[in-house]
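Peer 1: Contents of my_file30.cif (mmCIF, C-alpha atoms and all ligand atoms) are below:
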data_structure
#
loop_
_atom_site.label_atom_id
_atom_site.label_comp_id
_atom_site.auth_asym_id
_atom_site.auth_seq_id
_atom_site.Cartn_x
_atom_site.Cartn_y
_atom_site.Cartn_z
CA MET A 1 7.32 -43.58 -26.67
CA LEU A 2 5.13 -44.19 -29.74
CA VAL A 3 5.90 -47.20 -31.93
CA LEU A 4 4.41 -47.93 -35.32
CA VAL A 5 4.41 -51.65 -36.18
CA LEU A 6 4.17 -52.58 -39.85
CA ASN A 7 3.57 -56.03 -41.32
CA SER A 8 3.83 -55.87 -45.11
CA GLY A 9 2.48 -58.72 -47.15
CA SER A 10 2.39 -59.01 -50.92
CA SER A 11 -0.92 -57.13 -51.22
CA SER A 12 -1.53 -55.75 -47.73
CA VAL A 13 0.04 -53.67 -44.98
CA LYS A 14 -1.14 -54.22 -41.41
CA PHE A 15 -0.35 -51.43 -38.97
CA ASN A 16 -0.52 -50.88 -35.22
CA LEU A 17 0.38 -47.78 -33.26
CA PHE A 18 1.39 -48.44 -29.65
CA ASP A 19 1.84 -46.04 -26.79
CA MET A 20 4.63 -47.85 -24.98
CA THR A 21 4.13 -45.96 -21.72
CA ASN A 22 1.26 -48.37 -21.06
CA GLU A 23 1.67 -50.72 -24.08
CA ARG A 24 -1.84 -49.82 -25.27
CA PRO A 25 -2.69 -49.89 -28.98
CA LEU A 26 -3.88 -46.41 -30.01
CA LEU A 27 -4.71 -47.47 -33.55
CA GLU A 28 -4.76 -50.62 -35.65
CA GLY A 29 -5.78 -51.35 -39.19
CA MET A 30 -4.94 -52.66 -42.58
CA ALA A 31 -4.48 -51.43 -46.15
CA GLU A 32 -5.60 -54.32 -48.34
CA ARG A 33 -5.79 -55.33 -51.98
CA ILE A 34 -2.79 -53.16 -52.83
CA GLY A 35 -2.28 -53.15 -56.60
CA VAL A 36 -5.81 -54.50 -57.09
CA ASP A 37 -8.82 -52.39 -56.12
CA GLY A 38 -7.65 -51.13 -52.71
CA ALA A 39 -9.36 -51.07 -49.30
CA PHE A 40 -8.45 -49.36 -46.04
CA HIS A 41 -9.86 -49.97 -42.58
CA TRP A 42 -8.86 -49.13 -39.04
CA THR A 43 -10.08 -49.02 -35.45
CA ALA A 44 -9.04 -46.69 -32.64
CA GLY A 45 -10.83 -47.57 -29.40
CA ALA A 46 -14.55 -47.24 -30.13
CA GLU A 47 -14.00 -45.45 -33.46
CA GLN A 48 -13.56 -47.20 -36.76
CA ASP A 49 -13.63 -46.59 -40.48
CA GLN A 50 -13.70 -48.69 -43.62
CA ARG A 51 -13.25 -47.40 -47.16
CA ASP A 52 -12.49 -48.55 -50.67
CA LEU A 53 -9.76 -46.39 -52.17
CA PRO A 54 -7.18 -46.85 -54.90
CA LEU A 55 -3.88 -48.21 -53.57
CA PRO A 56 -1.67 -48.77 -56.62
CA ASN A 57 1.44 -49.68 -54.57
CA HIS A 58 2.88 -50.03 -51.05
CA GLU A 59 3.95 -46.38 -50.95
CA SER A 60 0.42 -45.16 -51.60
CA ALA A 61 -0.79 -47.48 -48.81
CA LEU A 62 1.82 -46.12 -46.41
CA LEU A 63 0.94 -42.53 -47.29
CA GLU A 64 -2.62 -43.33 -46.19
CA VAL A 65 -1.24 -44.86 -42.98
CA MET A 66 0.91 -41.77 -42.36
CA GLU A 67 -1.96 -39.42 -43.01
CA LEU A 68 -4.20 -41.34 -40.62
CA VAL A 69 -1.50 -41.68 -37.96
CA SER A 70 -0.70 -37.97 -38.03
CA ARG A 71 -4.38 -37.20 -37.42
CA ARG A 72 -4.65 -39.68 -34.54
CA ILE A 73 -1.39 -39.01 -32.73
CA PRO A 74 -1.84 -37.39 -29.31
CA LYS A 75 -0.95 -33.67 -29.34
CA GLY A 76 2.73 -32.86 -28.93
CA ARG A 77 3.86 -36.41 -29.61
CA CYS A 78 5.39 -38.15 -32.63
CA ILE A 79 6.30 -41.65 -33.75
CA ASN A 80 9.68 -42.53 -32.27
CA VAL A 81 10.41 -45.79 -34.06
CA VAL A 82 8.95 -48.14 -36.69
CA GLY A 83 9.10 -51.91 -36.07
CA HIS A 84 8.84 -54.13 -39.16
CA ARG A 85 7.84 -57.77 -39.13
CA VAL A 86 10.30 -59.66 -41.35
CA VAL A 87 9.70 -63.35 -41.92
CA HIS A 88 13.23 -64.57 -42.70
CA GLY A 89 16.45 -63.34 -41.15
CA GLY A 90 18.60 -66.09 -42.71
CA PRO A 91 21.72 -67.35 -40.95
CA LYS A 92 22.86 -63.84 -40.02
CA TYR A 93 20.16 -62.30 -37.84
CA GLY A 94 19.62 -63.88 -34.44
CA GLU A 95 18.26 -60.57 -33.13
CA SER A 96 16.27 -57.57 -34.24
CA VAL A 97 18.39 -54.93 -36.01
CA LEU A 98 18.31 -51.32 -37.11
CA VAL A 99 17.47 -51.28 -40.84
CA THR A 100 20.44 -50.17 -42.97
CA ASP A 101 21.13 -50.61 -46.68
CA GLU A 102 23.03 -53.79 -45.85
CA VAL A 103 20.18 -55.20 -43.76
CA LEU A 104 17.67 -54.43 -46.49
CA ALA A 105 19.88 -56.12 -49.10
CA ASP A 106 20.13 -59.19 -46.82
CA ILE A 107 16.34 -59.31 -46.36
CA GLU A 108 15.97 -59.28 -50.14
CA ALA A 109 18.64 -61.97 -50.52
CA TYR A 110 16.84 -64.19 -47.98
CA SER A 111 13.88 -64.30 -50.37
CA LEU A 112 15.68 -67.50 -51.40
CA TYR A 113 14.30 -69.09 -48.21
CA ALA A 114 10.96 -67.23 -47.99
CA PRO A 115 9.96 -66.40 -51.56
CA LEU A 116 6.35 -65.68 -50.60
CA HIS A 117 7.17 -63.36 -47.71
CA ASN A 118 10.55 -61.59 -47.78
CA PRO A 119 10.09 -59.73 -51.09
CA ALA A 120 6.88 -58.17 -49.71
CA ASN A 121 8.54 -57.39 -46.37
CA ALA A 122 11.40 -55.62 -48.17
CA LEU A 123 8.99 -53.71 -50.39
CA GLY A 124 7.12 -52.48 -47.31
CA ILE A 125 10.34 -51.43 -45.57
CA ARG A 126 11.52 -49.49 -48.63
CA ALA A 127 8.20 -47.67 -48.85
CA ALA A 128 8.22 -46.96 -45.10
CA LEU A 129 11.79 -45.57 -45.23
CA HIS A 130 10.59 -43.24 -47.94
CA THR A 131 7.44 -42.27 -46.04
CA PHE A 132 9.03 -41.98 -42.57
CA PRO A 133 12.64 -40.98 -43.39
CA ASP A 134 13.60 -39.31 -40.10
CA ILE A 135 13.03 -42.08 -37.55
CA PRO A 136 14.77 -45.39 -36.92
CA HIS A 137 13.32 -48.52 -38.53
CA ILE A 138 13.86 -51.87 -36.84
CA ALA A 139 13.58 -55.27 -38.53
CA VAL A 140 12.14 -57.93 -36.20
CA PHE A 141 12.64 -61.41 -37.63
CA ASP A 142 10.30 -64.39 -37.23
CA THR A 143 13.35 -66.63 -37.36
CA ALA A 144 15.42 -64.85 -34.68
CA PHE A 145 13.90 -66.64 -31.66
CA HIS A 146 15.01 -69.99 -33.09
CA HIS A 147 18.72 -69.18 -33.37
CA THR A 148 19.24 -71.16 -30.16
CA ILE A 149 18.20 -74.45 -31.83
CA PRO A 150 21.25 -76.74 -31.55
CA ASP A 151 23.08 -77.92 -34.69
CA TYR A 152 21.82 -81.50 -34.39
CA ALA A 153 18.21 -80.29 -34.45
CA ARG A 154 18.62 -77.86 -37.31
CA THR A 155 20.81 -79.82 -39.73
CA TYR A 156 19.20 -81.70 -42.62
CA GLY A 157 20.51 -85.05 -43.81
CA ILE A 158 22.03 -83.81 -47.06
CA PRO A 159 25.76 -83.41 -47.84
CA TYR A 160 27.14 -81.02 -45.24
CA GLU A 161 29.03 -78.91 -47.80
CA LEU A 162 25.76 -78.11 -49.58
CA SER A 163 24.08 -77.11 -46.33
CA GLN A 164 27.00 -74.78 -45.61
CA LYS A 165 27.16 -73.40 -49.14
CA TYR A 166 23.48 -72.44 -49.33
CA GLY A 167 22.53 -71.92 -45.70
CA ILE A 168 20.19 -74.93 -45.85
CA ARG A 169 19.02 -75.67 -42.29
CA ARG A 170 16.02 -75.38 -40.03
CA TYR A 171 15.33 -71.71 -39.27
CA GLY A 172 11.84 -71.87 -37.76
CA PHE A 173 9.16 -69.17 -37.83
CA HIS A 174 6.44 -67.51 -35.70
CA GLY A 175 9.31 -66.54 -33.37
CA SER A 176 7.61 -63.42 -31.95
CA SER A 177 4.52 -65.51 -31.22
CA HIS A 178 6.35 -68.38 -29.51
CA ALA A 179 8.41 -65.90 -27.46
CA TRP A 180 5.27 -64.01 -26.38
CA VAL A 181 3.33 -67.14 -25.52
CA ALA A 182 6.21 -68.68 -23.56
CA ALA A 183 6.66 -65.49 -21.51
CA ARG A 184 2.91 -65.20 -20.80
CA THR A 185 2.69 -68.88 -19.82
CA ALA A 186 5.40 -68.35 -17.21
CA ILE A 187 3.35 -65.45 -15.80
CA LEU A 188 0.20 -67.63 -15.73
CA LEU A 189 2.13 -70.32 -13.85
CA ALA A 190 3.74 -67.70 -11.56
CA ARG A 191 7.12 -69.31 -12.22
CA PRO A 192 10.29 -67.89 -13.78
CA LEU A 193 10.54 -68.61 -17.52
CA ARG A 194 14.16 -69.69 -17.01
CA SER A 195 12.96 -72.65 -14.91
CA LEU A 196 10.35 -73.99 -17.36
CA LYS A 197 10.06 -76.62 -20.09
CA LEU A 198 7.28 -75.48 -22.43
CA ILE A 199 5.68 -76.63 -25.66
CA THR A 200 3.98 -73.77 -27.50
CA CYS A 201 1.49 -74.61 -30.25
CA HIS A 202 0.76 -71.79 -32.71
CA ILE A 203 -2.16 -73.23 -34.68
CA GLY A 204 -3.64 -70.87 -37.26
CA ASN A 205 -3.52 -70.56 -41.01
CA GLY A 206 0.16 -71.23 -40.57
CA THR A 207 1.00 -73.68 -37.79
CA SER A 208 4.16 -74.40 -35.83
CA VAL A 209 4.95 -76.15 -32.58
CA CYS A 210 8.01 -75.15 -30.53
CA ALA A 211 10.02 -76.76 -27.72
CA VAL A 212 11.05 -73.94 -25.37
CA LEU A 213 13.66 -74.74 -22.73
CA HIS A 214 14.21 -72.04 -20.09
CA GLY A 215 12.93 -69.39 -22.52
CA HIS A 216 15.01 -70.58 -25.51
CA SER A 217 13.82 -72.39 -28.62
CA MET A 218 15.29 -75.91 -28.77
CA ASP A 219 13.37 -77.16 -31.81
CA THR A 220 10.40 -76.19 -33.91
CA SER A 221 8.29 -77.88 -36.54
CA MET A 222 8.81 -75.43 -39.41
CA GLY A 223 12.07 -75.72 -41.29
CA MET A 224 14.17 -73.79 -43.79
CA THR A 225 10.88 -72.37 -45.04
CA PRO A 226 7.43 -72.11 -43.43
CA LEU A 227 6.30 -75.11 -45.50
CA GLN A 228 7.60 -77.88 -43.23
CA GLY A 229 6.03 -79.45 -40.16
CA VAL A 230 2.36 -79.66 -39.21
CA ILE A 231 -0.25 -79.62 -42.00
CA MET A 232 -1.59 -76.04 -42.44
CA GLY A 233 -4.47 -74.16 -44.07
CA THR A 234 -3.05 -74.44 -47.60
CA ARG A 235 0.53 -75.62 -46.94
CA CYS A 236 1.42 -79.30 -47.08
CA GLY A 237 3.63 -79.63 -44.00
CA THR A 238 6.28 -82.35 -43.94
CA LEU A 239 6.45 -84.54 -47.05
CA ASP A 240 8.64 -87.31 -48.32
CA PRO A 241 10.74 -85.24 -50.81
CA SER A 242 10.30 -87.94 -53.44
CA ILE A 243 6.60 -87.01 -53.68
CA VAL A 244 7.75 -83.74 -55.25
CA ASP A 245 9.72 -85.66 -57.93
CA LEU A 246 6.74 -87.87 -58.65
CA LEU A 247 4.33 -84.94 -59.02
CA ILE A 248 6.74 -82.96 -61.20
CA GLU A 249 7.12 -85.95 -63.52
CA LYS A 250 3.57 -87.27 -63.65
CA GLU A 251 1.72 -83.93 -63.59
CA HIS A 252 4.30 -82.16 -65.81
CA LEU A 253 4.74 -79.37 -63.26
CA ASN A 254 7.43 -76.73 -63.41
CA TYR A 255 9.10 -75.17 -60.36
CA GLN A 256 6.52 -72.41 -60.04
CA ALA A 257 3.57 -74.79 -60.34
CA ILE A 258 4.86 -77.22 -57.70
CA THR A 259 5.62 -74.32 -55.32
CA GLU A 260 2.09 -73.02 -55.84
CA LEU A 261 0.60 -76.49 -55.32
CA LEU A 262 2.47 -77.14 -52.06
CA ASN A 263 1.94 -73.64 -50.63
CA LYS A 264 -1.52 -72.66 -51.81
CA LYS A 265 -3.49 -75.78 -52.76
CA SER A 266 -2.43 -78.34 -50.17
CA GLY A 267 -2.98 -78.74 -46.43
CA LEU A 268 -6.50 -78.61 -44.98
CA LEU A 269 -7.81 -77.18 -48.26
CA GLY A 270 -6.19 -79.81 -50.45
CA ILE A 271 -7.27 -82.73 -48.29
CA SER A 272 -10.81 -81.61 -47.49
CA GLY A 273 -11.64 -79.98 -50.82
CA VAL A 274 -13.86 -77.76 -48.63
CA SER A 275 -11.80 -74.82 -47.37
CA SER A 276 -8.56 -73.76 -45.74
CA ASP A 277 -10.64 -72.16 -42.97
CA PHE A 278 -10.81 -74.44 -39.93
CA ARG A 279 -14.29 -73.24 -38.93
CA GLU A 280 -15.62 -74.44 -42.27
CA ILE A 281 -13.71 -77.72 -41.93
CA GLU A 282 -15.24 -78.30 -38.47
CA ALA A 283 -18.73 -77.48 -39.78
CA ALA A 284 -18.36 -79.84 -42.77
CA ALA A 285 -16.92 -82.56 -40.52
CA ASP A 286 -19.93 -82.20 -38.20
CA GLN A 287 -22.16 -82.89 -41.20
CA GLY A 288 -20.26 -86.08 -41.94
CA ASN A 289 -18.04 -84.89 -44.81
CA GLU A 290 -15.37 -87.62 -44.75
CA ARG A 291 -12.56 -85.60 -46.26
CA ALA A 292 -13.23 -82.74 -43.81
CA ILE A 293 -13.08 -85.30 -40.97
CA LEU A 294 -9.78 -86.60 -42.38
CA ALA A 295 -8.32 -83.06 -42.60
CA ARG A 296 -9.42 -82.23 -39.05
CA ASP A 297 -8.07 -85.50 -37.66
CA LEU A 298 -4.78 -85.09 -39.49
CA LEU A 299 -4.21 -81.62 -37.98
CA THR A 300 -4.98 -82.94 -34.49
CA TYR A 301 -2.70 -85.94 -35.02
CA ASP A 302 0.19 -83.82 -36.32
CA VAL A 303 0.04 -81.43 -33.35
CA ARG A 304 -0.13 -84.32 -30.88
CA LYS A 305 2.81 -86.02 -32.59
CA PHE A 306 4.99 -82.92 -32.23
CA ILE A 307 4.00 -82.52 -28.57
CA GLY A 308 5.07 -86.13 -27.98
CA SER A 309 8.41 -85.67 -29.68
CA TYR A 310 9.12 -82.33 -28.00
CA SER A 311 8.40 -83.75 -24.56
CA ALA A 312 11.27 -86.14 -25.39
CA VAL A 313 13.43 -83.25 -26.66
CA LEU A 314 12.85 -81.36 -23.39
CA ASP A 315 13.06 -84.45 -21.18
CA GLY A 316 9.64 -83.64 -19.75
CA VAL A 317 7.30 -80.71 -19.99
CA ASP A 318 5.79 -78.28 -17.48
CA ALA A 319 3.13 -76.73 -19.71
CA ILE A 320 1.60 -76.94 -23.17
CA THR A 321 0.17 -73.68 -24.51
CA PHE A 322 -2.22 -73.15 -27.41
CA THR A 323 -2.34 -69.95 -29.44
CA ALA A 324 -3.37 -68.36 -32.81
CA GLY A 325 -6.75 -68.56 -34.57
CA ILE A 326 -7.38 -72.28 -34.15
CA GLY A 327 -5.33 -72.89 -31.00
CA SER A 328 -7.03 -70.03 -29.13
CA ASN A 329 -10.55 -70.62 -30.43
CA SER A 330 -11.20 -74.32 -31.00
CA PRO A 331 -11.95 -76.12 -27.70
CA ARG A 332 -12.57 -79.30 -29.63
CA LEU A 333 -9.15 -79.33 -31.25
CA ARG A 334 -7.49 -78.68 -27.88
CA ALA A 335 -9.53 -81.45 -26.23
CA GLU A 336 -8.69 -83.90 -29.04
CA VAL A 337 -4.97 -83.09 -28.89
CA CYS A 338 -4.93 -83.46 -25.09
CA SER A 339 -7.05 -86.61 -25.06
CA HIS A 340 -4.00 -88.81 -25.77
CA LEU A 341 -1.58 -87.02 -23.46
CA GLY A 342 -2.69 -88.61 -20.20
CA TYR A 343 0.57 -90.61 -20.14
CA LEU A 344 2.47 -87.29 -19.86
CA GLY A 345 0.33 -86.17 -16.93
CA VAL A 346 -2.07 -83.88 -18.81
CA ASP A 347 -5.42 -83.56 -17.04
CA LEU A 348 -7.64 -81.14 -18.94
CA ASP A 349 -10.31 -79.10 -17.15
CA VAL A 350 -13.16 -79.83 -19.58
CA GLU A 351 -15.24 -76.85 -18.45
CA ALA A 352 -12.38 -74.34 -18.52
CA ASN A 353 -11.41 -75.59 -21.97
CA ARG A 354 -14.95 -75.16 -23.26
CA SER A 355 -15.64 -71.75 -21.79
CA ALA A 356 -14.71 -68.71 -23.84
CA GLY A 357 -12.06 -66.37 -22.54
CA GLY A 358 -8.60 -64.95 -23.13
CA GLU A 359 -5.41 -65.93 -21.44
CA ARG A 360 -6.03 -68.76 -18.96
CA LEU A 361 -5.09 -72.18 -17.63
CA ILE A 362 -7.36 -74.97 -18.90
CA SER A 363 -5.92 -77.90 -16.94
CA LEU A 364 -7.10 -79.12 -13.55
CA PRO A 365 -5.16 -77.82 -10.54
CA GLY A 366 -3.55 -81.24 -9.94
CA SER A 367 -2.49 -81.74 -13.59
CA LYS A 368 1.20 -82.68 -13.70
CA VAL A 369 1.51 -80.82 -17.00
CA ALA A 370 -0.36 -77.50 -17.14
CA VAL A 371 -2.31 -76.60 -20.28
CA ALA A 372 -2.90 -72.95 -21.19
CA VAL A 373 -4.53 -70.77 -23.81
CA VAL A 374 -2.65 -67.54 -24.59
CA PRO A 375 -3.88 -65.39 -27.49
CA THR A 376 -0.79 -64.33 -29.38
CA ASN A 377 0.31 -60.71 -29.61
CA GLU A 378 3.05 -60.58 -32.22
CA GLU A 379 2.49 -56.87 -32.81
CA LEU A 380 3.21 -55.89 -29.20
CA MET A 381 6.22 -58.22 -29.18
CA ILE A 382 7.54 -56.41 -32.28
CA ALA A 383 6.87 -53.03 -30.62
CA ARG A 384 8.82 -54.14 -27.52
CA GLU A 385 11.70 -55.31 -29.71
CA ALA A 386 11.72 -51.97 -31.55
CA VAL A 387 11.95 -50.13 -28.22
CA ARG A 388 14.65 -52.47 -26.94
P1 LIG A 401 -4.78 -67.13 -37.79
O1 LIG A 401 -3.90 -67.48 -38.96
O2 LIG A 401 -4.08 -67.22 -36.48
O3 LIG A 401 -5.53 -65.85 -37.98
O4 LIG A 401 -5.91 -68.28 -37.72
C1 LIG A 401 -6.85 -68.46 -38.75
C2 LIG A 401 -7.55 -69.78 -38.53
O5 LIG A 401 -8.22 -69.76 -37.27
C3 LIG A 401 -8.61 -70.10 -39.58
O6 LIG A 401 -8.47 -71.44 -40.01
C4 LIG A 401 -9.90 -69.95 -38.81
O7 LIG A 401 -10.91 -70.79 -39.29
C5 LIG A 401 -9.49 -70.37 -37.42
N1 LIG A 401 -10.43 -69.93 -36.42
C6 LIG A 401 -10.75 -68.65 -36.09
N2 LIG A 401 -11.75 -68.64 -35.16
C7 LIG A 401 -12.07 -69.94 -34.90
C8 LIG A 401 -13.02 -70.60 -34.06
N3 LIG A 401 -13.84 -69.90 -33.27
N4 LIG A 401 -13.05 -71.94 -34.06
C9 LIG A 401 -12.22 -72.66 -34.85
N5 LIG A 401 -11.31 -72.11 -35.68
C10 LIG A 401 -11.22 -70.76 -35.71
#
Output the file's structure as C-alpha cells, nothing else.
Ligand code: AMP
Peer 2:
Amino acid sequence: MLVLVLNSGSSSVKFNLFDMTNERPLLEGMAERIGVDGAFHWTAGAEQDQRDLPLPNHESALLEVMELVSRRIPKGRCINVVGHRVVHGGPKYGESVLVTDEVLADIEAYSLYAPLHNPANALGIRAALHTFPDIPHIAVFDTAFHHTIPDYARTYGIPYELSQKYGIRRYGFHGSSHAWVAARTAILLARPLRSLKLITCHIGNGTSVCAVLHGHSMDTSMGMTPLQGVIMGTRCGTLDPSIVDLLIEKEHLNYQAITELLNKKSGLLGISGVSSDFREIEAAADQGNERAILARDLLTYDVRKFIGSYSAVLDGVDAITFTAGIGSNSPRLRAEVCSHLGYLGVDLDVEANRSAGGERLISLPGSKVAVAVVPTNEELMIAREAVR
C-alpha cells in the first residue's frame, strides 16, 4: 500500500510518500513560501532537488506534489490513501476519520481553538481533495491521543456552563508524536506498553510534556490551544491570565495584536531577545548573554517541573523519553533536566547521553527510572493511522 502524508501549514505543504509494505519513505519534501515567491524541494533516497517556482496557492503546490509523485511511484502502483495532519479535532474527534464534507466543516469550525493551524489544514485538505479526487483522505488529529485525559485534568476553573457551551477544556497536541514515542519506548524497554508509566517530552519549536499511563494520555502540558504549558520558541506557555488584561490596557493592544505577541514574539525569543532557535540560545548563553541564559534555564525548569508533577499524576514513572528537535539533539538540556530527578531514581548515563545517535536508552542499567531518546516520526504515525 502507498500512503501520501500531507501536512499543510499556512504557507507550506510538507509531503511524505510511504510504501507501507516495509514502512519505508519513498519520497519526502516540502512546497514552501506558498503565496509568496515559492520554493519546492524533495529527497528520494540519494536523489534530491531544490527549485524556486511560483506557487500562488495550495492547489498549485499540490499539483507540483502530484506531478512529482506520479513520476516517482513504482511501476504498476498508485497512491491508495492520503493521510492529513490536522492540529485540532475539537471535542468530537477522538480518532482519525475519513474526510467528508461534515468533517471538513468541523475542522474549519475548530479554527476557534487553533486559529493559526486549522484554517491552513482545511485549505490543504480542500486542495488535496481536488487534486486527488478518487482516493480516500483521512484526517489524523494532533488532539485525538489526548481524548483519554480524565475530566478533572482537562477542566478549567471557569463557570462550567461556559466550558460546556464553547468546548473550553484541555485538548492537548503533538498526539501522533507522544503516541509514537511511547510505543517506541516500550520496545526499547522490551516491556508491554500496557504495563508502563511514561513521561514523554516533545521539546522542539513547540513543546509539550505528556503523562502516558498504559499507552493512554492522562495529562499533557498544552491546553485548549497549543499556547499553554512549557515556554516554547515563540509561544509564551502558561501565563497568569491577568497579564493579558494588563498588556491589553497598558500597551493598547487589540485582540489580533495580543494573539500575535503571545504566539510569535514571546517564549525563548521574547525572553532572550536573541532567537527562537535553541541552538542560537545555547551559543549566546555560552558567551555569557544573561537573557539567553535565563531563557535556557527557564525551558529546563519548565520541563523538569512538568516531569515532577506527572510523576505524581502517574503515581511513579518507569521511563522519561525525550524527542523533537531540542529533546533529541541537546545533551545539555537533557542532562540539566535530569540533574534534579535523582529523588525519582533517575541515574543518567553521562556518556550515552553525550554521544550522538538515534533511538536509545541514556540511563545507567541500574537506573530505577529509565531515560530514553526517541526521534519522533509523526509522518509514519499518520501513515499508519491512514492505513488503519
Ligand atoms: P522541531 O520543532 O522539533 O523541528 O525543533 C526545532 C528546535 O530544535 C529549534 O529550536 C532548534 O534550534 C532545535 N535543535 C535542532 N538541532 C539542535 C541541536 N543539535 N542542539 C540543540 N537544539 C537543536
Peer 1: Quick one: residues within 8 Å of range 181-189 of chain A, all atoms listed in the file, excluding same-chain residues fewer than 5 positions away - as a PyMOL selection string?
Peer 2: chain A and resi 196+198+200+212+215+319+321+323+360-361+372+374-376
Peer 1: Can you find the residues with an atom no farther than 12 Å from (15.6, -85.4, -40.2), counting all atoms listed in the file, and report them as a list in words?
Peer 2: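 Result, sorted by chain then residue number: Asp151, Tyr152, Ala153, Arg154, Thr155, Tyr156, Gly157, Ile158, Arg169, Arg170, Asp219, Ser221, Gly223, Gln228, Gly229, Thr238, Leu239, Asp240 and Pro241 of chain A.
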Peer 1: Give me a file of those residues, with C-alpha atoms, as a short mmCIF file (atom, residue, chain, number, x, y, z; two decimals), keeping the file's coordinate frame.
Peer 2:
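Final output, selection-v2.cif:
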data_model
loop_
_atom_site.label_atom_id
_atom_site.label_comp_id
_atom_site.auth_asym_id
_atom_site.auth_seq_id
_atom_site.Cartn_x
_atom_site.Cartn_y
_atom_site.Cartn_z
CA ASP A 151 23.08 -77.92 -34.69
CA TYR A 152 21.82 -81.50 -34.39
CA ALA A 153 18.21 -80.29 -34.45
CA ARG A 154 18.62 -77.86 -37.31
CA THR A 155 20.81 -79.82 -39.73
CA TYR A 156 19.20 -81.70 -42.62
CA GLY A 157 20.51 -85.05 -43.81
CA ILE A 158 22.03 -83.81 -47.06
CA ARG A 169 19.02 -75.67 -42.29
CA ARG A 170 16.02 -75.38 -40.03
CA ASP A 219 13.37 -77.16 -31.81
CA SER A 221 8.29 -77.88 -36.54
CA GLY A 223 12.07 -75.72 -41.29
CA GLN A 228 7.60 -77.88 -43.23
CA GLY A 229 6.03 -79.45 -40.16
CA THR A 238 6.28 -82.35 -43.94
CA LEU A 239 6.45 -84.54 -47.05
CA ASP A 240 8.64 -87.31 -48.32
CA PRO A 241 10.74 -85.24 -50.81
#
Peer 1: Check the smallest atom-to-atom distance from each of A:Gly206, A:Gly83, A:Pro54, A:Pro159 to Met381 in chain A using all atoms listed in the file, then report the winner.
Peer 2: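 Among the listed residues, A:Gly83 lies closest to Met381 in chain A.
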Peer 1: Throw together the list of residues within 9 Å of ligand LIG 401 (chain A), counting all atoms listed in the file, and drop it here as a list of chain:residue names.
Peer 2: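 Using all atoms listed in the file, everything at most 9 Å from ligand LIG 401 (chain A) comes to A:His202, A:Ile203, A:Gly204, A:Asn205, A:Gly206, A:Thr207, A:Met232, A:Gly233, A:Leu268, A:Ser275, A:Ser276, A:Asp277, A:Phe278, A:Arg279, A:Glu280, A:Ile281, A:Glu282, A:Thr323, A:Ala324, A:Gly325, A:Ile326, A:Gly327, A:Ser328, A:Asn329, A:Ser330, A:Pro331, A:Arg332, A:Leu333, A:Thr376.
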Peer 1: One number please: CA of Ala284 in chain A to CA of Cys201 in chain A, in Å, one decimal.
Peer 2: 24.0 Å
Peer 1: Please indicate the distance in Å from CA of Leu2 in chain A to CA of Ala383 in chain A, rounded to one decimal place.
Peer 2: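 According to the coordinates, CA of Leu2 in chain A and CA of Ala383 in chain A are separated by 9.1 Å.
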Peer 1: Suppose you want the space between CA of Asp318 in chain A and CA of Val350 in chain A; what is it in Å?
Peer 2: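 Interatomic distance, CA of Asp318 in chain A to CA of Val350 in chain A: 19.1 Å.
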Peer 1: So, counting all atoms listed in the file, which residue among A:Glu161, A:Asp142, A:Glu379, A:Glu251 is closest to Gly94 in chain A?
Peer 2: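 Of all the options, A:Asp142 lies closest to Gly94 in chain A.
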